[in-house]
Amino acid sequence: ALGAQTLGRSNRGDVGERPALRVVDAAQQRRALDLLNRYLFAPGALRIPDRYYGKLTVDNAVFPATPGDFPVGDWLANLQRSALRRIFSPLTLTRIANNEFKVGGDPKRALHLTALFGSVRERVWDETRTGRDVDTLRRQLQRQHVDLLTDLALRGGGPEDARMLAWADLEALRVRIAAARKAPKLSRTTQMHYADIAGRIRRTLDARSSVGGGGSAASLMQMLMGGKEAPEGASDR
């Protein structure tokens, strides 16, 4: 329902005539966003009881060539990744921005991009607030979030307000991660994770001056990869 509109079938002059297009109620969109944040992106989301893992396998008598161990971690990470990509896709972001314009910026009548970016950021990066360690699944989620913000900030593809908010989120995360790294008793894995993310964000923010100077997307991606040749497909859009 994020950025959605309803299509009416009324004809002109009908009793109770309704507009052909109406922005989905803001409260309904916020409920949809809250469900995604709570059950996909929050700490503890997608938690499966340990006793279930031993049951996730295949019948080797039916599928003898299939590995018996089901990659549940990868499957859950892909689920989160797909949801993030859908939320931050140019189509979804453009629809939300257009709906905001159509209702005159009234937050009671449409979901705003600022609310979208802010709520997802807070749930994905909850550990920077609590000082807790970041587990395997959430490390993958946080990397994907930063990668999406980086791509949006450098390449655009959606509304300019979304690009602005991506830059703002990266700067906010730079500050939060720097503070989170000082938390006592963090595991070595979490410390290395924060160091890796901090390096990615720093390279992106350093590249911002090149964006303003007219650097191509391919050259910027090469800069972010430490001078290595950008992979195929990372050319200008």
# chains A, B, ... in the order shown; residues from 1 in each chain; ligands from 1

$ closest_atom_pairs --of "range 121-170 of chain A" --to "range 176-188 of chain A" --cutoff "7 Å" --atoms "only C-alpha atoms" --output "CSV"
residue,atom,partner,partner_atom,distance
A:Thr128,CA,A:Ala180,CA,5.0
A:Gly131,CA,A:Ala183,CA,5.7
A:Asp133,CA,A:Leu186,CA,5.9

$ residues_around --residues "range 94-103 of chain A" --least-positions-apart "5" --cutoff "12 Å" --atoms "only C-alpha atoms" --output "JSON list (two decimals) with C-alpha atoms, in the first residue's frame"
[["chain", "number", "residue", "atom", "x", "y", "z"],
["A", 1, "ALA", "CA", 0.00, 0.00, 0.00],
["A", 2, "LEU", "CA", 3.03, 2.33, 0.11],
["A", 3, "GLY", "CA", 2.46, 5.12, -2.40],
["A", 4, "ALA", "CA", -0.72, 3.43, -3.60],
["A", 5, "GLN", "CA", -3.84, 4.95, -5.11],
["A", 6, "THR", "CA", -7.32, 3.52, -5.54],
["A", 21, "LEU", "CA", -7.96, 8.26, -8.55],
["A", 22, "ARG", "CA", -7.60, 8.69, -4.81],
["A", 23, "VAL", "CA", -4.48, 8.48, -2.63],
["A", 24, "VAL", "CA", -4.70, 5.60, -0.19],
["A", 25, "ASP", "CA", -5.37, 6.87, 3.31],
["A", 26, "ALA", "CA", -2.16, 7.95, 5.07],
["A", 29, "GLN", "CA", 0.01, 3.41, 4.49],
["A", 30, "ARG", "CA", 1.64, 4.01, 7.86],
["A", 87, "ILE", "CA", 10.41, 0.01, -0.70],
["A", 88, "PHE", "CA", 13.31, 2.03, -2.09],
["A", 89, "SER", "CA", 12.61, 1.35, -5.76],
["A", 108, "LYS", "CA", -2.44, 13.43, 7.60],
["A", 109, "ARG", "CA", -3.44, 12.64, 4.03],
["A", 110, "ALA", "CA", -0.37, 10.95, 2.57],
["A", 111, "LEU", "CA", 2.77, 9.16, 3.66],
["A", 112, "HIS", "CA", 5.88, 11.37, 3.36],
["A", 113, "LEU", "CA", 9.30, 10.29, 2.14],
["A", 114, "THR", "CA", 10.85, 11.61, 5.36],
["A", 115, "ALA", "CA", 8.66, 9.24, 7.39],
["A", 116, "LEU", "CA", 9.57, 6.31, 5.15],
["A", 117, "PHE", "CA", 13.32, 6.88, 5.30],
["A", 156, "GLY", "CA", 19.46, 8.77, -8.36],
["A", 157, "GLY", "CA", 16.66, 7.28, -10.42],
["A", 158, "GLY", "CA", 13.86, 8.45, -8.16],
["A", 159, "PRO", "CA", 12.65, 11.86, -6.98],
["A", 160, "GLU", "CA", 15.35, 14.35, -5.99],
["A", 161, "ASP", "CA", 13.93, 14.52, -2.46],
["A", 162, "ALA", "CA", 14.68, 10.81, -2.11],
["A", 163, "ARG", "CA", 18.26, 11.39, -3.21]]

$ closest_atom_pairs --of "range 72-172 of chain A" --to "range 195-201 of chain A" --cutoff "10 Å" --atoms "only C-alpha atoms" --output "CSV"
residue,atom,partner,partner_atom,distance
A:Arg139,CA,A:Ile197,CA,9.6
A:Gln142,CA,A:Ile197,CA,8.4
A:Arg143,CA,A:Ile197,CA,7.0
A:Val146,CA,A:Ile201,CA,7.6
A:Asp147,CA,A:Arg200,CA,8.6
A:Leu149,CA,A:Ile201,CA,9.6
A:Thr150,CA,A:Ile201,CA,7.8
A:Trp167,CA,A:Ile201,CA,9.9
A:Leu170,CA,A:Ile201,CA,6.4
A:Glu171,CA,A:Ile201,CA,7.9

$ write_last_selection --atoms "C-alpha atoms" --output "PDB file, in the first residue's frame"
ATOM      1  CA  ARG A 139      24.492  -7.593   9.462  1.00  0.00           C
ATOM      2  CA  GLN A 142      22.337  -3.367   7.389  1.00  0.00           C
ATOM      3  CA  ARG A 143      24.792  -3.853   4.522  1.00  0.00           C
ATOM      4  CA  VAL A 146      23.632   1.086   3.135  1.00  0.00           C
ATOM      5  CA  ASP A 147      24.144  -0.258  -0.384  1.00  0.00           C
ATOM      6  CA  LEU A 149      21.191   4.348   0.115  1.00  0.00           C
ATOM      7  CA  THR A 150      24.549   4.592  -1.661  1.00  0.00           C
ATOM      8  CA  TRP A 167      22.589  11.555   1.570  1.00  0.00           C
ATOM      9  CA  LEU A 170      24.262   8.205   5.190  1.00  0.00           C
ATOM     10  CA  GLU A 171      25.573  11.194   7.144  1.00  0.00           C
TER      11      GLU A 171
END

$ closest_residue --among "A:Ala77, A:Val72, A:Ala207, A:Leu165" --to "Arg138 in chain A" --atoms "only C-alpha atoms"
A:Ala77

$ select_by_dssp --residues "range 14-227 of chain A" --states "helix (DSSP H, G or I)" --output "NGL selection string"
:A and (26-41 or 50-53 or 72-87 or 90-102 or 113-124 or 127-130 or 136-155 or 160-180 or 188-206 or 208-212 or 217-224)

$ closest_residue --among "A:Met192, A:Val134, A:Ala83, A:Leu173" --to "Phe41 in chain A" --atoms "only C-alpha atoms"
A:Ala83

$ atom_distance --atom1 "CA of Leu36 in chain A" --atom2 "CA of Leu93 in chain A"
15.9 Å

$ closest_residue --among "A:Ala27, A:Ala166, A:Asp151, A:Ala32" --to "Pro107 in chain A" --atoms "only C-alpha atoms"
A:Ala27

$ closest_residue --among "A:Leu56, A:Val175, A:Leu205, A:Leu141" --to "Ala42 in chain A" --atoms "only C-alpha atoms"
A:Leu141

$ closest_residue --among "A:Thr189, A:Gln144, A:Ser82, A:Thr92" --to "Arg121 in chain A" --atoms "only C-alpha atoms"
A:Gln144
